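S.K.: Here it is, the structure, as structure tokens.
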Amino acid sequence: MKYSYFPGCSLKGLGRAYEESLLPVMKHLGVELVELEDWNCCGATAYMSVDEAKAGVLAARNLAIAEKTGPQDLLTPCSACYLVLNKTKHNIADFPEIKDTVHHALGVANLTYTGATNVRHPLDVLVHDVGLDVIKEKVVRPLKGLKVAPYYGCQLVRPYATFDDAWNPTTMDRLLATLGAEVVHYPLKTKCCGGSLTGTVPEAGLRLTYILLKEAVRRGADVIATICPLCQFNLDAYHDQIDRHWGPTRIATVYFTQLMGLAFGLSPKQLGLKRNFVPMKELPAQSATV
Amino acid sequence: MNTNGTNGNNGNNGDIRIGFYICHCGHNIAALVDCPAVAQYADKLPGVVVSRDYKYMCSDPGQELIQQDIREHKLNRVVVASCSPLLHEHTFRDAVAAGGLNPFFFQMVNIREHDSWVHTDPAEATAKAKSLAHAAIRRVRFHKALEMTRVPIHPDVLVVGGGITGIHAAITLANAGKKVFLVEREPSIGGHMAKFDKTFPTLDCAACILTPKMSAVRSHPNITLWTYSEVVKVEGYVGNYVVTVKRKPRYVNEELCVGCQECIKACIFKEPKFPDEFNVGLSKRKPVYIPFPQAVPQVVVIDPERCIQVKTGKCKKTCLEACADRQAIDFTQKEQRVEIKVGNIIMATGFKLFDAKRIPQYGYGLYPNVVTSLELERLVTSSGPTGGEIILRDGRHPKSVGFILCVGSRDMKTNRWCSRTCCMHSMKLAQLVREHTHADVTVFYLDIRAPGKGCEEFYDKSLKEGIQFVRGRVAEVTDWALAREEEGKLVIRVEDTLAGFVRRIPVDMIVLAVGMEPQADAQEVRRMFNMSCGTEGWFLEKHPKLAPVSTFTDGVFIAGCCQGPKDIPDSIAQAGAAAAEALALIDKGYIEQEPNTAFIVEEDCSGCKSCVPLCPFTAITFDATKQKAQINAALCKGCGTCVAACPSGSIKQNLFDDEEIFSEIEGVLAHA
Amino acid sequence: MRDTHWQPRIVAFFCNWCTYTAADLAGVSRLKYAPNVRVIRLMCSGRVDPQFVLDALARGADGVLIGGCHPGDCHYVDGNYKTLRRFQLLKRLLADMGVEQVRLRLEWISASEGERVKSVINEMVEQVRALGPLNLPGRFADWDREMTELEANIRTGEEQSARKEPEAAHA
Amino acid sequence: MMQIKRTIKYEADRVRGFSKEIMNVSGCEQLQSCIQCGTCSGTCPLSIYMDFSPRQVMALVRADFKNEVLTSKTVWLCASCYACTVECPRKIRITDIMYALKQRAIKEGIYPRRFAIPILAKEFSEMVRREGRITETLLVMRLFLKANWRAALGSWRLGLGLIRTGRFVLWQERIERRAELTAMLDAANRGNVQPKEAP
């Protein structure tokens with residue numbers, strides 16, 4: 001199994017633990033990832049606020065490079081990148097004026113875009129391409145007794161994902177259950193984490209983060225599993241400020257790939273777990289089984 | 001055939017004198033089509049003697065104009081360019097006949113639905129009107145004098161569906177002395193109305209007004225009631241349908257059972273165990289049960305999915321013992337198919353409620369105290385599972401109740417239409433909740449729609465009784481608290497659009513006013529009965545205003561919610577209308593049918609038999625002695641398939657003959 | 001009225017029960033579509049004699065549209081299946097005559113699909129417009145001329161060869 | 001003395017044609033069928049901080065109240081979570097309309113001053129244009145300098161934490177063919193009606 005790979009800026013910066021866990025997990029499952037050469041920032045929500053056409057060009061450059069890389073699907077772990085790349089595909093297909101601008105701009109760099117590449121998220125690929133049965137076989141250290149709140153955030157499931165429901169997605173729930181974890185009923189799974197507002201308007205942004213943390217704790221979760229670098233950062237890095245404002249809500253937030261790595265028996269060091277502000281508690285079963 | 005004076009010269013060989021009329025239809029046509037210009041154009045075409053434009057051709061003076069011209073100008077052909085022939089063809093045919101001409105010497109041109117209403121450029125629309133007029137003027141030359149064929153009508157009527165609509169239609173017909181078959185899928189008649197506690201806006205008891213009608217069905221000598229039965233086949237033709245009804249085995253002889261319910265007591269299931277359909281799963285029943293206390297017929301039914309005897313044949317059959325010498329229980333019963341002959345059919349198959357699980361953010365199925373309006377209806381009813389007590393799943397009484405309206409209505413992601421009854425239904429339930437529990441009641445609405453008689457007054461009453469109304473579509477129902485008063489409650493998050501801010505409102509119970517949908521099998525049913533469905537899946541009426549209970553198939557009528565959402569008074573009004581339409585046909589004794597049948601010109605028939613297998617109505621037979629095909633006009637429905645297929649051109653069709661169509665083709669292409 | 005620039009002309013045969021009613025619905029809904037189609041009402045699409053189609057094209061139509069009920073929905077049980085069969089044959093025949101595929105179109109449009117009447121007509125008008133005039137009458141004239149010339153050639157050839165060698169004369 | 005404020009709107013307050021311009025932006029056509037149900041505001045996690053709720057913004061756009069909309073904080077508080085877009089019963093792409101309004105506000109230079117969000121958007125796009133990639137820590141530092149240097153001081157703990165967990169990146173990530181990217185973005189400029197850079 002082979003995919004092109006678009007890490008996005010976050011995975012080289014604040015979200016590096018995501019890449020540090022994703023790559024060994026994929027390798028462990030025999031999935032080959034080919035990183036796009038000279039990929040650029042997808043533009044995220046910020047660029048789209050400034051200029052729709054240029055935002056389209058920015059994303060389309062990556063899609064064109066992906067087409068050059070090979071016919072395989074393009075994997076992108078960051079929710080914002082996933083949304084922007086998919087949105088660009090839709091916009092080029094639906095709106096002629098955007099299509100014209102993009103083709104014109106790509107022409108300057110001798111790049112071409114045909115729309116052939118599918119943009120996929122690792123969660124989708126792991127559950128639907130690799131398969132839960134294959135993943136189950138690789139589990140050597142089941143996450144028995146670990147109560148996990150599955151947190152999907154906004155931009156993976158809304159509005160372009162076709163692999164799961166926008167309101168009540170279950171793909172990660174099933175994956176976590178396969179790893180042996182106990183999945184906590186967490187109806188806030190697609191609520192917004194505050195996005196960049198945690199930095200720009202903290203009183204608004206951090207309150208959203210707080211509600212997510214508080215409810216995870218109230219529902220008995222030991223850890224929150226996430227699929228997006230910005231969500232992970234918001235839920236992990238602001239505990240100080242949140243605690244000061246609203247009271248203590250200590251709970252660790254990790255990438256689902258980190259939990260997979262642990263279940264596969266990979267070393268926590270290898271999975272970037274030390275990069276958390278709030279460290280994840282030791283696995284209850286960990287000392288017992290090994 | 002009318003043959004008075006020169007007007008009687010109807011043959012092709014005579015002098016063709018055509019009158020052409022173009023209708024302005026107020027501004028409907030004239031706003032885009034230059035009617036005088038079309039009239040001038042037509043005036044110059046061969047055979048046209050009179051050509052006029054007029055404001056409303058279908059009005060009395062318009063029709064009078066035609067008749068006068070027939071007399072004065074000795075017209076023997078008439079063409080009217082106006083609306084769709086499906087709307088007014090018969091009007092103008094009648095006018096032509098009143099002028100003393102055979103009504104089939106008339107041709108209609110559709111320049112409204114097919115021209116002025118669908119185009120934007122006046123020049124192009126006028127050009128199109130001219131070419132369509134030209135075609136009709138060429139075509140009408142070939143028209144022949146014909147007479148409507150009359151088909152006798154079987155006087156019996158089939159009513160499909162035993163809800164309030166079907167019940168009312170059946171009783172109306174039966175009271176008029178007609179024999180009626182009433183077929184209902186469920187084990188009892190009564191439909192949705194039987195589940196209601198009270199009815200808006202009068203708050204009269206639903207059972208009190210429905211039950212007498214249900215009994216009347218049972219006892220009426222003219223009504224044959226078949227419950228637990230379904231129509232599986234419809235054959236025959238207008239006025240003479242042959243319908244096959246499947247009667248599912250209820251393992252109880254309806255003639256012998258007296259409804260004493262001893263068998264239910266005796267059933268080896270000591271306790272009721274299975275969800276009770278009538279109480280929408282809020283209570284339990286046994287495998288042998290009576291749907292509800294007022295069920296008609298008062299006959300028990302045995303659920304084949306649950307009864308051990310039916311499933312395995314290995315039961316002690318304590319029910320049989322209890323029934324004793326009455327011997328009403330009969331495990332040998334098999335499914336029966338009965339064939340009946342009827343002249344008219346009234347469809348009253350009703351609706352289905354929207355499945356609230358399709359909108360997950362309202363938490364139905366997730367939070368136990370989120371209920372549907374029908375579930376609350378059962379809770380409010382004194383004969384319901386709680387004896388009329390409104391309680392939460394844990395037995396507590398709610399202190400606050402929220403009603404969410406438009407669940408599965410006015411929503412492009414589920415159903416686009418307004419279900420029409422939910423505003424009033426919710427207000428009725430809200431008042432009952434206030435009355436029973438004194439709880440705080442808040443109604444979340446998009447727009448209050450209370451246009452019926454007494455309905456706005458009912459809204460006012462709701463306001464005066466202290467029910468809160470918040471205008472806003474609820475975004476979500478959650479169970480997490482952000483404030484002390486929200487602990488342990490369901491929290492509604494909504495923008496109060498009139499106050500202009502977002503609110504969080506904690507309540508104990510949430511009622512979802514679920515909308516109406518077409519029945520799940522509406523498509524199969526409409527195929528079986530040769531009807532159409534609109535885009536949304538409701539049965540399509542022949543005309544939205546002028547023929548609201550008729551369908552495109554003569555003798556098949558629709559009434560009640562199978563045509564679209566409506567309340568009880570409207571359903572009953574339609575039931576009466578459908579019954580009256582059927583009565584009109586029955587008492588007339590015959591249906592007039594377009595004389596568009598096919599016939600064979602024997603001398604041209606080569607006897608190749610290629611037409612014989614084509615006819616779906618077996619109207620074509622082969623006469624072995626003459627070596628010619630024959631068409632039985634009574635069986636022919638006028639589709640013209642055989643006409644198109646005959647290699648020797650020896651089959652002709654009245655109203656749609658080759659020369660008529662060819663002249664029309666020539667005509668539409670004669671003008672740019 | 002005739003414009004200097006060419007406008008496609010399409011003759012449509014609509015069945016009374018589904019497609020004609022759908023076209024009425026399009027009108028009642030005030031949907032707007034191209035004015036290039038002239039509808040001829042028949043009781044069933046099964047009445048469409050292949051000759052109607054050929055006649056329309058021969059008289060200068062640039063395309064023919066046939067509209068009937070969806071399979072299974074025919075008011076006359078299965079008339080539309082017969083239409084479908086004839087349509088397939090006609091398509092082949094027209095292809096042999098050099099008439100482009102999109103000029104003959106068969107569509108199932110039910111009574112509730114007013115929107116579809118609009119989209120089908122608009123699409124077909126655009127496709128036919130892109131192809132340009134069919135001008136079958138003109139082509140017939142050309143073919144006639146060719147045939148006359150051919151005949152003339154044969155005749156002169158026969159005359160010449162009759163004078164020379166009788167067996168080498170066939171065209 | 002009690003302060004009072006007149007809120008009446010006159011016809012002259014409307015900018016005729018504004019609603020048409022917004023509805024002409026790709027994906028924004030459906031605004032016409034808004035029934036003002038408030039699902040967008042109810043679903044929005046940030047509507048509680050907005051001066052106009054998303055529903056009100058829809059109404060204001062449709063009624064041509066351009067100045068009111070473009071100077072409001074609402075569009076800038078949108079976190080692009082797309083909940084409103086997914087939930088709208090009229091299938092209006094509210095998030096995309098918010099983007100259209102943000103672009104318009106930047107183009108006309110009338111967004112709220114010293115408000116961190118539009119500044120972030122601008123700093124972000126400038127860094128992408130220059131380097132091809134974003135280095136988050138550097139971006140945030142630039143933002144703090146421009147918008148609110150006091151907040152930067154308040155976040156020292158966060159910065160220390162990032163250094164401790166090895167996530168504080170001080171070297172700028174950049175792509176190799178930066179000139180190619182700039183040329184492409186410039187081409188987009190010429191190819192389309194483009195906003196002039198905001199002052």
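The way I read the labels, and the way they are meant: chains A, B, ... in the order of the structure tokens, residue 1 as the first residue of every chain, and ligand 1 as the first ligand shown, with later ones counted on from there.
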Could you list, as a ChimeraX atom specification, every residue within 8 Å of Ser119 of chain C, counting only C-alpha atoms and ignoring same-chain residues fewer than 4 positions away?
M.R.: /C:33,115,123
S.K.: Counting only C-alpha atoms, which residues in chain C sit no more than 6 Å from chain B? For each one, give the nearest pair of atoms and the distance in Å, sorted by chain then residue number, as a Markdown table.
M.R.:
| residue | atom | partner | partner_atom | distance |
| --- | --- | --- | --- | --- |
| C:Asp24 | CA | B:Glu113 | CA | 5.1 |
| C:Gly27 | CA | B:Glu113 | CA | 4.0 |
| C:Arg30 | CA | B:Trp117 | CA | 5.3 |
| C:Leu31 | CA | B:Val118 | CA | 5.5 |
| C:Lys32 | CA | B:Val118 | CA | 4.4 |
| C:Tyr33 | CA | B:Val118 | CA | 5.9 |
| C:Met43 | CA | B:Cys639 | CA | 5.4 |
| C:Cys44 | CA | B:Cys639 | CA | 5.2 |
| C:Gly46 | CA | B:Thr641 | CA | 4.6 |
| C:Arg47 | CA | B:Gly640 | CA | 4.6 |
| C:Asp49 | CA | B:Ala644 | CA | 4.4 |
| C:Ser112 | CA | B:Gly534 | CA | 4.7 |
S.K.: Please identify every residue of chain B that has at least one atom no farther than 12 Å from an atom of chain A, counting only C-alpha atoms, and for each give the shortest atom pair and the distance in Å to one decimal, arranged by chain then increasing number, as CSV.
M.R.:
residue,atom,partner,partner_atom,distance
B:Lys357,CA,A:Asn168,CA,11.7
B:Arg358,CA,A:Trp167,CA,10.9
B:Ile359,CA,A:Trp167,CA,9.2
B:Pro360,CA,A:Trp167,CA,7.3
B:Gln361,CA,A:Trp167,CA,7.3
B:Tyr362,CA,A:Trp167,CA,11.0
B:Gly363,CA,A:Pro187,CA,9.8
B:Leu366,CA,A:Pro187,CA,10.1
B:Tyr367,CA,A:Pro187,CA,11.4
B:Ala475,CA,A:Trp167,CA,11.8
B:Glu476,CA,A:Trp167,CA,10.7
B:Val477,CA,A:Pro187,CA,10.4
B:Thr478,CA,A:Pro187,CA,8.0
B:Asp479,CA,A:Pro187,CA,8.8
B:Trp480,CA,A:Glu215,CA,7.3
B:Ala481,CA,A:Glu215,CA,9.0
B:Leu482,CA,A:Ile211,CA,8.1
B:Ala483,CA,A:Ile211,CA,11.7
S.K.: What would the file look like if the residues just selected were written as a compact mmCIF listing (two decimals), in the first residue's frame with all heavy atoms?
M.R.:
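Saved file selection27.txt follows:
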# COMPACT_ATOMS: atom_id res chain seq x y z
N LYS B 357 -34.74 10.06 14.43
CA LYS B 357 -33.31 9.69 14.52
C LYS B 357 -32.50 10.28 13.38
O LYS B 357 -31.28 10.37 13.45
CB LYS B 357 -33.18 8.17 14.50
CG LYS B 357 -33.63 7.51 15.78
CD LYS B 357 -32.91 6.18 15.97
CE LYS B 357 -33.32 5.51 17.26
NZ LYS B 357 -34.32 4.46 17.07
N ARG B 358 -33.20 10.69 12.33
CA ARG B 358 -32.47 11.26 11.18
C ARG B 358 -31.87 12.63 11.50
O ARG B 358 -31.07 13.14 10.74
CB ARG B 358 -33.38 11.34 9.96
CG ARG B 358 -33.65 9.98 9.33
CD ARG B 358 -34.70 10.04 8.24
NE ARG B 358 -34.34 10.94 7.16
CZ ARG B 358 -35.19 11.36 6.24
NH1 ARG B 358 -36.45 10.96 6.29
NH2 ARG B 358 -34.81 12.17 5.28
N ILE B 359 -32.31 13.24 12.59
CA ILE B 359 -31.68 14.50 13.01
C ILE B 359 -31.01 14.24 14.35
O ILE B 359 -31.59 14.48 15.41
CB ILE B 359 -32.72 15.64 13.10
CG1 ILE B 359 -33.44 15.75 11.77
CG2 ILE B 359 -32.04 16.96 13.46
CD1 ILE B 359 -34.37 16.93 11.64
N PRO B 360 -29.77 13.72 14.32
CA PRO B 360 -29.14 13.23 15.54
C PRO B 360 -28.94 14.31 16.60
O PRO B 360 -28.90 14.00 17.79
CB PRO B 360 -27.81 12.65 15.08
CG PRO B 360 -27.57 13.25 13.74
CD PRO B 360 -28.90 13.54 13.15
N GLN B 361 -28.84 15.58 16.17
CA GLN B 361 -28.54 16.61 17.17
C GLN B 361 -29.69 16.85 18.15
O GLN B 361 -29.51 17.52 19.14
CB GLN B 361 -28.06 17.92 16.54
CG GLN B 361 -28.83 18.44 15.37
CD GLN B 361 -28.39 17.84 14.05
OE1 GLN B 361 -28.24 16.63 13.91
NE2 GLN B 361 -28.20 18.68 13.07
N TYR B 362 -30.87 16.28 17.86
CA TYR B 362 -31.96 16.42 18.82
C TYR B 362 -32.00 15.27 19.83
O TYR B 362 -32.86 15.22 20.70
CB TYR B 362 -33.31 16.55 18.09
CG TYR B 362 -33.46 17.86 17.32
CD1 TYR B 362 -34.42 18.01 16.33
CD2 TYR B 362 -32.64 18.95 17.60
CE1 TYR B 362 -34.56 19.20 15.62
CE2 TYR B 362 -32.76 20.14 16.90
CZ TYR B 362 -33.72 20.26 15.91
OH TYR B 362 -33.84 21.44 15.22
N GLY B 363 -31.09 14.33 19.64
CA GLY B 363 -30.89 13.32 20.68
C GLY B 363 -31.97 12.27 20.83
O GLY B 363 -32.03 11.58 21.85
N LEU B 366 -31.16 8.76 21.95
CA LEU B 366 -29.96 8.86 22.77
C LEU B 366 -30.36 9.27 24.19
O LEU B 366 -29.94 8.64 25.16
CB LEU B 366 -29.01 9.89 22.14
CG LEU B 366 -27.71 10.18 22.86
CD1 LEU B 366 -26.82 8.93 22.88
CD2 LEU B 366 -26.96 11.32 22.15
N TYR B 367 -31.14 10.32 24.29
CA TYR B 367 -31.63 10.77 25.59
C TYR B 367 -33.07 10.28 25.76
O TYR B 367 -33.95 10.62 24.96
CB TYR B 367 -31.59 12.30 25.69
CG TYR B 367 -30.23 12.88 25.39
CD1 TYR B 367 -30.05 13.81 24.36
CD2 TYR B 367 -29.11 12.49 26.13
CE1 TYR B 367 -28.80 14.32 24.08
CE2 TYR B 367 -27.85 13.01 25.85
CZ TYR B 367 -27.70 13.93 24.83
OH TYR B 367 -26.46 14.44 24.55
N ALA B 475 -30.79 24.40 17.63
CA ALA B 475 -29.56 23.90 17.02
C ALA B 475 -29.23 22.52 17.56
O ALA B 475 -28.89 21.62 16.81
CB ALA B 475 -28.41 24.86 17.30
N GLU B 476 -29.33 22.36 18.89
CA GLU B 476 -29.01 21.05 19.42
C GLU B 476 -29.56 20.86 20.83
O GLU B 476 -29.87 21.82 21.53
CB GLU B 476 -27.50 20.80 19.42
CG GLU B 476 -26.74 21.80 20.27
CD GLU B 476 -25.25 21.52 20.28
OE1 GLU B 476 -24.85 20.36 20.06
OE2 GLU B 476 -24.47 22.46 20.52
N VAL B 477 -29.66 19.59 21.17
CA VAL B 477 -30.06 19.21 22.52
C VAL B 477 -28.87 18.49 23.13
O VAL B 477 -28.33 17.57 22.51
CB VAL B 477 -31.27 18.25 22.48
CG1 VAL B 477 -31.57 17.69 23.85
CG2 VAL B 477 -32.48 18.96 21.89
N THR B 478 -28.40 18.95 24.30
CA THR B 478 -27.24 18.32 24.89
C THR B 478 -27.53 17.95 26.34
O THR B 478 -28.54 18.38 26.90
CB THR B 478 -26.01 19.26 24.88
OG1 THR B 478 -26.29 20.36 25.75
CG2 THR B 478 -25.73 19.77 23.50
N ASP B 479 -26.64 17.18 26.92
CA ASP B 479 -26.83 16.82 28.32
C ASP B 479 -25.68 17.35 29.16
O ASP B 479 -25.41 16.84 30.23
CB ASP B 479 -26.96 15.30 28.47
CG ASP B 479 -25.67 14.58 28.17
OD1 ASP B 479 -24.78 15.18 27.53
OD2 ASP B 479 -25.52 13.42 28.59
N TRP B 480 -24.95 18.36 28.65
CA TRP B 480 -23.89 18.88 29.51
C TRP B 480 -24.24 20.28 30.01
O TRP B 480 -24.79 21.11 29.32
CB TRP B 480 -22.51 18.85 28.85
CG TRP B 480 -22.36 19.60 27.58
CD1 TRP B 480 -22.07 20.92 27.44
CD2 TRP B 480 -22.43 19.07 26.26
NE1 TRP B 480 -21.96 21.25 26.12
CE2 TRP B 480 -22.18 20.13 25.37
CE3 TRP B 480 -22.68 17.78 25.75
CZ2 TRP B 480 -22.19 19.95 24.00
CZ3 TRP B 480 -22.69 17.62 24.39
CH2 TRP B 480 -22.44 18.70 23.53
N ALA B 481 -23.87 20.47 31.29
CA ALA B 481 -24.27 21.68 31.98
C ALA B 481 -23.14 22.70 31.96
O ALA B 481 -21.97 22.35 32.11
CB ALA B 481 -24.62 21.34 33.42
N LEU B 482 -23.49 23.94 31.71
CA LEU B 482 -22.52 25.03 31.83
C LEU B 482 -22.94 25.99 32.93
O LEU B 482 -22.28 26.98 33.18
CB LEU B 482 -22.38 25.77 30.50
CG LEU B 482 -21.83 24.93 29.33
CD1 LEU B 482 -21.79 25.76 28.07
CD2 LEU B 482 -20.44 24.40 29.65
N ALA B 483 -24.09 25.71 33.52
CA ALA B 483 -24.56 26.55 34.61
C ALA B 483 -25.24 25.63 35.62
O ALA B 483 -25.65 24.51 35.27
CB ALA B 483 -25.54 27.60 34.10
S.K.: List every residue of chain B that has an atom at most 10 Å from any atom of chain D, and for each one report the closest atom pair and its distance in Å to one decimal, counting only C-alpha atoms, with rows sorted by chain and then by increasing residue number, as a Markdown table.
M.R.:
| residue | atom | partner | partner_atom | distance |
| --- | --- | --- | --- | --- |
| B:Ile359 | CA | D:Glu87 | CA | 9.9 |
| B:Gln361 | CA | D:Glu87 | CA | 9.6 |
| B:Gly408 | CA | D:Pro89 | CA | 9.9 |
| B:Ser409 | CA | D:Pro89 | CA | 9.3 |
| B:Arg410 | CA | D:Pro89 | CA | 7.3 |
| B:Asp411 | CA | D:Pro89 | CA | 4.5 |
| B:Met412 | CA | D:Pro89 | CA | 5.3 |
| B:Lys413 | CA | D:Pro89 | CA | 6.2 |
| B:Thr414 | CA | D:Pro89 | CA | 8.5 |
| B:Asn415 | CA | D:Pro89 | CA | 9.5 |
| B:Arg416 | CA | D:Pro89 | CA | 8.7 |
| B:Tyr445 | CA | D:Cys37 | CA | 8.6 |
| B:Leu446 | CA | D:Cys37 | CA | 5.8 |
| B:Asp447 | CA | D:Cys37 | CA | 8.7 |
| B:Arg471 | CA | D:Cys37 | CA | 7.6 |
| B:Gly472 | CA | D:Cys37 | CA | 5.2 |
| B:Arg473 | CA | D:Cys37 | CA | 5.3 |
| B:Val474 | CA | D:Thr39 | CA | 6.4 |
| B:Ala475 | CA | D:Gly42 | CA | 4.9 |
| B:Glu476 | CA | D:Thr43 | CA | 7.2 |
| B:Ile492 | CA | D:Gly42 | CA | 9.4 |
| B:Arg493 | CA | D:Gly42 | CA | 5.9 |
| B:Val494 | CA | D:Gly42 | CA | 4.5 |
| B:Glu495 | CA | D:Gly42 | CA | 4.9 |
| B:Asp496 | CA | D:Gly38 | CA | 7.6 |
| B:Thr497 | CA | D:Gly38 | CA | 6.2 |
| B:Leu498 | CA | D:Gly38 | CA | 9.9 |
| B:Gly500 | CA | D:Ser53 | CA | 7.5 |
| B:Phe501 | CA | D:Ser53 | CA | 7.2 |
| B:Val502 | CA | D:Gly42 | CA | 6.1 |
| B:Arg503 | CA | D:Gly42 | CA | 8.0 |
| B:Arg504 | CA | D:Gly42 | CA | 9.3 |
S.K.: What does the file look like for those residues with C-alpha atoms, as a compact mmCIF listing (two decimals), in the first residue's frame?
M.R.:
# COMPACT_ATOMS: atom_id res chain seq x y z
CA ILE B 359 -31.68 14.50 13.01
CA GLN B 361 -28.54 16.61 17.17
CA GLY B 408 -38.23 16.82 9.44
CA SER B 409 -40.19 19.67 7.84
CA ARG B 410 -39.10 22.82 6.02
CA ASP B 411 -35.61 21.38 5.87
CA MET B 412 -33.81 20.80 2.58
CA LYS B 413 -31.73 18.06 4.16
CA THR B 414 -34.76 15.98 5.09
CA ASN B 415 -38.19 17.12 3.87
CA ARG B 416 -38.71 20.49 2.24
CA TYR B 445 -40.89 27.47 16.32
CA LEU B 446 -39.86 28.87 12.97
CA ASP B 447 -43.16 30.46 12.10
CA ARG B 471 -38.80 31.87 17.60
CA GLY B 472 -35.74 29.94 16.50
CA ARG B 473 -34.84 26.58 15.06
CA VAL B 474 -33.19 24.59 17.83
CA ALA B 475 -29.56 23.90 17.02
CA GLU B 476 -29.01 21.05 19.42
CA ILE B 492 -31.67 23.28 24.35
CA ARG B 493 -29.33 25.65 22.51
CA VAL B 494 -31.16 28.04 20.24
CA GLU B 495 -31.01 31.55 18.95
CA ASP B 496 -34.00 33.47 20.20
CA THR B 497 -34.28 35.27 16.89
CA LEU B 498 -36.75 37.85 18.14
CA GLY B 500 -31.55 38.52 19.08
CA PHE B 501 -29.28 36.32 21.20
CA VAL B 502 -28.41 32.71 21.76
CA ARG B 503 -30.05 31.04 24.72
CA ARG B 504 -29.49 27.83 26.63
S.K.: Mind giving me the straight-line distance from atom CA of Arg62 of chain D to atom CA of Glu21 of chain D in Å, one decimal?
M.R.: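 So the answer is 10.3 Å.
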S.K.: May I have the residues of chain A within 8 Å of chain D, counting only C-alpha atoms, written as a count of residues only?
M.R.: 52
S.K.: Segment 88-105 of chain B: which residues within 9 Å, counting only C-alpha atoms, same-chain residues fewer than 4 positions away excluded, as a PyMOL selection string?
M.R.: chain B and resi 1-4+7-8+10+57-58+63-64+66-71+75-80+82-84+140-147+655
S.K.: Applying 8 Å and only C-alpha atoms, which residues near Leu90 of chain C remain after dropping the ones on its own chain fewer than 4 positions away? List them as JSON, numbers by chain.
M.R.: {"C": [50, 86, 94]}
S.K.: So that I have them on file, write out the residues from the current selection with N, CA, C and O atoms, as an mmCIF file, in the first residue's frame.
M.R.:
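Okay, result21.cif is ready:
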data_model
loop_
_atom_site.group_PDB
_atom_site.id
_atom_site.type_symbol
_atom_site.label_atom_id
_atom_site.label_comp_id
_atom_site.auth_asym_id
_atom_site.auth_seq_id
_atom_site.Cartn_x
_atom_site.Cartn_y
_atom_site.Cartn_z
ATOM 1 N N PRO C 50 -41.481 5.528 -36.327
ATOM 2 C CA PRO C 50 -40.172 5.994 -36.805
ATOM 3 C C PRO C 50 -40.312 6.979 -37.964
ATOM 4 O O PRO C 50 -39.490 7.887 -38.125
ATOM 5 N N ARG C 86 -37.686 0.722 -30.692
ATOM 6 C CA ARG C 86 -37.692 1.454 -31.965
ATOM 7 C C ARG C 86 -36.590 2.508 -31.986
ATOM 8 O O ARG C 86 -35.951 2.739 -33.001
ATOM 9 N N LEU C 94 -30.155 6.354 -38.361
ATOM 10 C CA LEU C 94 -29.722 7.746 -38.507
ATOM 11 C C LEU C 94 -28.207 7.848 -38.571
ATOM 12 O O LEU C 94 -27.656 8.667 -39.311
#
S.K.: Between atom CA of Leu158 of chain B and atom CA of Gly350 of chain B, what is the spacing in Å?
M.R.: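 About the pair atom CA of Gly350 of chain B and atom CA of Leu158 of chain B: they are 15.6 Å apart.
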S.K.: Hey, what's within 7 Å of Leu57 of chain C if we count only C-alpha atoms and toss same-chain stuff fewer than 5 positions away? As a tab-separated table (two decimals) with all heavy atoms, in the first residue's frame, please?
M.R.:
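out.tsv, freshly written:
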chain	number	residue	atom	x	y	z
C	62	ASP	N	-33.90	20.13	-36.78
C	62	ASP	CA	-32.49	19.88	-36.48
C	62	ASP	C	-32.32	18.79	-35.44
C	62	ASP	O	-31.21	18.35	-35.17
C	62	ASP	CB	-31.81	21.16	-36.01
C	62	ASP	CG	-31.89	22.25	-37.07
C	62	ASP	OD1	-31.30	22.05	-38.14
C	62	ASP	OD2	-32.56	23.27	-36.83
C	63	GLY	N	-33.41	18.40	-34.83
C	63	GLY	CA	-33.35	17.35	-33.82
C	63	GLY	C	-34.75	16.91	-33.46
C	63	GLY	O	-35.72	17.62	-33.70
C	136	LEU	N	-31.26	18.42	-43.56
C	136	LEU	CA	-31.51	17.18	-44.30
C	136	LEU	C	-32.14	17.46	-45.66
C	136	LEU	O	-31.75	16.83	-46.64
C	136	LEU	CB	-32.38	16.25	-43.45
C	136	LEU	CG	-32.11	14.76	-43.60
C	136	LEU	CD1	-30.63	14.45	-43.48
C	136	LEU	CD2	-32.89	13.98	-42.55
